[in-house]
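Presented below is the structure to which this report refers.
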Amino acid sequence: MAQDWDYLDLPNIRATLIRQEDTILFNLIERAQFKRNLNVYQKGADFLAGTGVEDSFFNHLLYETESIHSKARRYTSPDEKPFCNKADLPSPTLPPLVIPADMKPLREIDVNLNKQILERYQQEVIPAICKDGDDGQYGSAAVCDIQTLQALSKRIHYGTFVAESKFRSKPEEYTRLIKAGDKQGIMDLLTNKEVEDRVIKRVQLKATAYGQEITDETSLVHGPAVSEEQLSHFKVNPESMGKLYRDIIIPLTKDVEVEYLMQRLEHV
């Protein structure tokens with residue numbers, strides 16, 4: 001059965017990216033309720049004694065999760081990339097998706113930045129949203145980590161759809177830069193600072209709304225600037241969420257776009 005793959009329509013791309021903001025923010029809010037729990041990421045942690053788990057609990061659970069999702073053909077979709085080695089995952093149980101011929105580049109060009117995403121998540125995101133320490137909630141923390149990482153990965157690798165749409169809108173300009181191997185020129189052409197600033201502002205406003213303990217009092221979203229004292233009561237800091245998009249999500253998405261476009265002429 002053919003799938004509806006009208007994903008290159010700009011309004012559809014915009015709607016998808018906006019919806020993914022909600023998913024990412026809610027997942028971060030869920031993770032923020034637990035402490036950093038560094039034992040989750042440590043191979044041979046004491047709490048794993050006698051379990052038969054030789055790797056870290058996080059890596060163990062990540063592999064088990066991605067194995068199940070692989071059977072559901074999750075990683076046959078162009079914007080879904082596994083963190084584990086794809087060759088180590090089981091084959092899909094479901095039949096393959098029927099993808100239109102004009103989507104051939106998205107199907108064949110494989111850009112996977114999950115290694116960078118994982119590193120920056122553990123080194124930058126977790127310290128920004130979670131309190132230091134260990135609360136023993138290892139299972140909950142690891143599950144939240146995996147859900148958040150999958151949401152971040154999907155958002156960042158959706159850059160392949162964005163790149164394909166941009167290429168089709170300006171094929172001559174992109175072709176010239178690709179043939180010249182001009183990665184910086186491609187980056188400059190695909191960058192729209194005004195749009196990026198709007199995304200960051202929208203994410204901060206959403207984090208302000210979603211991160212509050214809702215009462216019958218007026219929301220802070222459209223009110224005056226939020227004080228430091230008020231920020232301390234938020235589930236996640238709205239400024240940190242804006243920084244996440246500005247410093248990690250948007251730059252990595254554009255890296256995906258550039259890497260995709262550099263291979264684009266090989267798949268016509």
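Here, A, B, ... name the chains of the structure tokens in the order displayed, residue numbers run from 1 inside each chain, and ligands are numbered from 1 in the same displayed order.
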
For the contact check between segment 112-192 of chain A and segment 9-17 of chain A, emit one row per residue of segment 112-192 of chain A within 8 Å, containing the shortest atom pair and the distance in Å rounded to one decimal, counting only C-alpha atoms, chain then rising number order, as CSV.
residue,atom,partner,partner_atom,distance
A:Arg155,CA,A:Leu17,CA,6.9
A:Phe161,CA,A:Ile13,CA,7.7
A:Val162,CA,A:Ile13,CA,7.2
A:Ser165,CA,A:Leu10,CA,7.5

Exercise for the section: Please identify all polymer residues within 7 Å of segment 202-214 of chain A, counting only C-alpha atoms, omitting same-chain residues fewer than 6 positions from it, and present them as number ranges by chain. Expected result: A: 21, 25, 221, 234-236, 238-239, 241-242

Practice task
Please identify all polymer residues within 9 Å of segment 30-38 of chain A, counting only C-alpha atoms, omitting same-chain residues fewer than 3 positions from it, and present them as a list in words.
Solution key: Leu25, Phe26, Asn27, Tyr41, Gln42, Ile126, Pro127, Ile129, Cys130, Lys131, Asp132, Gly133, Asp134, Asp135, Gly136, Gln137, Tyr138, Ser140, Ala141, Ala142, Val143, Cys144, Asp145, Thr148, Lys235 and Val236 of chain A

Practice task
Compile the contact shell of Ala101 of chain A as a list of chain:residue names: residues with an atom at most 12 Å away, counting only C-alpha atoms, same-chain residues fewer than 3 positions apart removed.
Solution key: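 Result of the neighbour search: A:Ala2, A:Trp5, A:Val98, A:Lys104, A:Pro105, A:Leu106, A:Arg107, A:Glu108, A:His267, A:Val268.
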
For those residues, write C-alpha atoms to a file as a PDB file, in the first residue's frame.
ATOM      1  CA  ALA A   2       1.444   3.387  -1.001  1.00  0.00           C
ATOM      2  CA  TRP A   5       4.517  11.286   1.290  1.00  0.00           C
ATOM      3  CA  VAL A  98       6.174   2.190  -0.844  1.00  0.00           C
ATOM      4  CA  LYS A 104      14.478   8.584  -4.343  1.00  0.00           C
ATOM      5  CA  PRO A 105      17.146  10.971  -2.922  1.00  0.00           C
ATOM      6  CA  LEU A 106      15.536  10.977   0.529  1.00  0.00           C
ATOM      7  CA  ARG A 107      15.394   7.209   0.456  1.00  0.00           C
ATOM      8  CA  GLU A 108      18.996   6.702  -0.649  1.00  0.00           C
ATOM      9  CA  HIS A 267      21.035  10.712  -6.636  1.00  0.00           C
ATOM     10  CA  VAL A 268      19.049  12.158  -9.515  1.00  0.00           C
TER      11      VAL A 268
END

Would you list the contacts of Ile68 of chain A as an mmCIF file with N, CA and C atoms, in the first residue's frame, taking every protein, DNA or RNA residue within 10 Å and counting only C-alpha atoms, but skipping same-chain residues closer than 3 positions in sequence?
data_model
loop_
_atom_site.group_PDB
_atom_site.id
_atom_site.type_symbol
_atom_site.label_atom_id
_atom_site.label_comp_id
_atom_site.auth_asym_id
_atom_site.auth_seq_id
_atom_site.Cartn_x
_atom_site.Cartn_y
_atom_site.Cartn_z
ATOM 1 N N TYR A 63 19.497 -0.262 23.054
ATOM 2 C CA TYR A 63 19.540 -1.330 22.046
ATOM 3 C C TYR A 63 18.230 -2.122 22.035
ATOM 4 N N GLU A 64 17.727 -2.461 23.220
ATOM 5 C CA GLU A 64 16.481 -3.223 23.283
ATOM 6 C C GLU A 64 15.325 -2.427 22.682
ATOM 7 N N THR A 65 15.285 -1.137 22.960
ATOM 8 C CA THR A 65 14.220 -0.284 22.431
ATOM 9 C C THR A 65 14.309 -0.184 20.915
ATOM 10 N N LYS A 71 11.813 -3.573 14.178
ATOM 11 C CA LYS A 71 10.846 -4.549 13.676
ATOM 12 C C LYS A 71 9.593 -3.872 13.144
ATOM 13 N N ALA A 72 9.307 -2.686 13.678
ATOM 14 C CA ALA A 72 8.151 -1.914 13.220
ATOM 15 C C ALA A 72 8.533 -0.975 12.074
ATOM 16 N N ARG A 73 9.683 -1.221 11.441
ATOM 17 C CA ARG A 73 10.250 -0.503 10.285
ATOM 18 C C ARG A 73 10.463 0.989 10.536
ATOM 19 N N ARG A 74 10.699 1.350 11.791
ATOM 20 C CA ARG A 74 10.919 2.755 12.118
ATOM 21 C C ARG A 74 12.076 3.341 11.309
ATOM 22 N N LEU A 89 20.700 -4.377 14.255
ATOM 23 C CA LEU A 89 19.286 -4.398 14.604
ATOM 24 C C LEU A 89 18.535 -5.408 13.738
ATOM 25 N N PRO A 90 17.452 -5.974 14.249
ATOM 26 C CA PRO A 90 16.682 -6.946 13.459
ATOM 27 C C PRO A 90 15.993 -6.298 12.263
ATOM 28 N N SER A 91 15.689 -7.110 11.275
ATOM 29 C CA SER A 91 14.989 -6.618 10.091
ATOM 30 C C SER A 91 13.532 -6.309 10.429
ATOM 31 N N PRO A 92 12.914 -5.405 9.685
ATOM 32 C CA PRO A 92 11.507 -5.090 9.939
ATOM 33 C C PRO A 92 10.594 -6.294 9.748
ATOM 34 N N THR A 93 9.602 -6.392 10.607
ATOM 35 C CA THR A 93 8.572 -7.416 10.451
ATOM 36 C C THR A 93 7.534 -6.966 9.433
#

Practice task
Fewer than 5 positions away in the same chain doesn't count, so skip those; otherwise give me all residues within 12 Å of Leu48 of chain A, counting only C-alpha atoms, as a PyMOL selection string.
Solution key: chain A and resi 39-43+53-58+60+138-139

I need the residues from that last selection saved to file as a PDB file, in the first residue's frame (with N, CA, C and O atoms), if you can.
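See selection02.pdb below for the written result:
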ATOM      1  N   ASN A  39      24.926   7.118  37.075  1.00  0.00           N
ATOM      2  CA  ASN A  39      25.112   5.666  37.073  1.00  0.00           C
ATOM      3  C   ASN A  39      24.456   5.001  35.868  1.00  0.00           C
ATOM      4  O   ASN A  39      24.889   3.926  35.433  1.00  0.00           O
ATOM      5  N   VAL A  40      23.412   5.632  35.347  1.00  0.00           N
ATOM      6  CA  VAL A  40      22.693   5.075  34.204  1.00  0.00           C
ATOM      7  C   VAL A  40      23.622   4.918  33.004  1.00  0.00           C
ATOM      8  O   VAL A  40      23.462   3.994  32.195  1.00  0.00           O
ATOM      9  N   TYR A  41      24.610   5.806  32.886  1.00  0.00           N
ATOM     10  CA  TYR A  41      25.481   5.824  31.709  1.00  0.00           C
ATOM     11  C   TYR A  41      26.814   5.111  31.939  1.00  0.00           C
ATOM     12  O   TYR A  41      27.661   5.091  31.050  1.00  0.00           O
ATOM     13  N   GLN A  42      26.998   4.536  33.135  1.00  0.00           N
ATOM     14  CA  GLN A  42      28.285   3.943  33.490  1.00  0.00           C
ATOM     15  C   GLN A  42      28.264   2.420  33.318  1.00  0.00           C
ATOM     16  O   GLN A  42      27.414   1.728  33.872  1.00  0.00           O
ATOM     17  N   LYS A  43      29.204   1.941  32.535  1.00  0.00           N
ATOM     18  CA  LYS A  43      29.335   0.497  32.347  1.00  0.00           C
ATOM     19  C   LYS A  43      29.774  -0.156  33.653  1.00  0.00           C
ATOM     20  O   LYS A  43      30.652   0.344  34.341  1.00  0.00           O
ATOM     21  N   VAL A  53      23.704  -7.657  32.627  1.00  0.00           N
ATOM     22  CA  VAL A  53      23.937  -6.523  31.723  1.00  0.00           C
ATOM     23  C   VAL A  53      25.403  -6.131  31.810  1.00  0.00           C
ATOM     24  O   VAL A  53      25.885  -5.730  32.872  1.00  0.00           O
ATOM     25  N   GLU A  54      26.125  -6.238  30.701  1.00  0.00           N
ATOM     26  CA  GLU A  54      27.555  -5.944  30.699  1.00  0.00           C
ATOM     27  C   GLU A  54      27.853  -4.504  30.305  1.00  0.00           C
ATOM     28  O   GLU A  54      28.890  -3.959  30.671  1.00  0.00           O
ATOM     29  N   ASP A  55      26.969  -3.891  29.552  1.00  0.00           N
ATOM     30  CA  ASP A  55      27.163  -2.503  29.125  1.00  0.00           C
ATOM     31  C   ASP A  55      26.526  -1.585  30.158  1.00  0.00           C
ATOM     32  O   ASP A  55      26.069  -2.031  31.223  1.00  0.00           O
ATOM     33  N   SER A  56      26.470  -0.290  29.871  1.00  0.00           N
ATOM     34  CA  SER A  56      25.724   0.610  30.751  1.00  0.00           C
ATOM     35  C   SER A  56      24.237   0.303  30.613  1.00  0.00           C
ATOM     36  O   SER A  56      23.788  -0.239  29.587  1.00  0.00           O
ATOM     37  N   PHE A  57      23.457   0.656  31.632  1.00  0.00           N
ATOM     38  CA  PHE A  57      22.019   0.394  31.556  1.00  0.00           C
ATOM     39  C   PHE A  57      21.396   1.190  30.418  1.00  0.00           C
ATOM     40  O   PHE A  57      20.509   0.697  29.710  1.00  0.00           O
ATOM     41  N   PHE A  58      21.864   2.428  30.218  1.00  0.00           N
ATOM     42  CA  PHE A  58      21.328   3.249  29.135  1.00  0.00           C
ATOM     43  C   PHE A  58      21.562   2.577  27.786  1.00  0.00           C
ATOM     44  O   PHE A  58      20.639   2.454  26.969  1.00  0.00           O
ATOM     45  N   HIS A  60      22.158  -0.535  27.149  1.00  0.00           N
ATOM     46  CA  HIS A  60      21.393  -1.782  27.100  1.00  0.00           C
ATOM     47  C   HIS A  60      19.942  -1.503  26.723  1.00  0.00           C
ATOM     48  O   HIS A  60      19.389  -2.144  25.809  1.00  0.00           O
ATOM     49  N   TYR A 138      16.593   4.994  38.015  1.00  0.00           N
ATOM     50  CA  TYR A 138      17.383   4.693  36.832  1.00  0.00           C
ATOM     51  C   TYR A 138      16.527   4.287  35.627  1.00  0.00           C
ATOM     52  O   TYR A 138      16.788   4.708  34.498  1.00  0.00           O
ATOM     53  N   GLY A 139      15.522   3.472  35.860  1.00  0.00           N
ATOM     54  CA  GLY A 139      14.657   3.046  34.764  1.00  0.00           C
ATOM     55  C   GLY A 139      13.905   4.217  34.149  1.00  0.00           C
ATOM     56  O   GLY A 139      13.879   4.384  32.924  1.00  0.00           O
TER      57      GLY A 139
END

Exercise for the section: Rank A:Ile117, A:Leu94, A:Val195, A:Cys84 by their smallest atom-to-atom distance to Ile156 of chain A, using only C-alpha atoms, and report the top residue only. Expected result: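 Distance minimum relative to Ile156 of chain A lands on A:Ile117.
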
Handout entry: Nearest to Pro251 of chain A, chosen from A:His69, A:Lys179, A:His157, A:Lys81, with only C-alpha atoms counted in the distances
Key = A:His157

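Counting only C-alpha atoms, the residue from A:Tyr158, A:Arg246, A:Gly181, A:Gln150 that sits nearest to Ile18 of chain A is A:Tyr158.
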
Practice task
Please indicate the distance in Å from atom CA of Leu244 of chain A to atom CA of Glu119 of chain A, rounded to one decimal place.
Solution key: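 We find that atom CA of Leu244 of chain A and atom CA of Glu119 of chain A lie 13.7 Å from each other.
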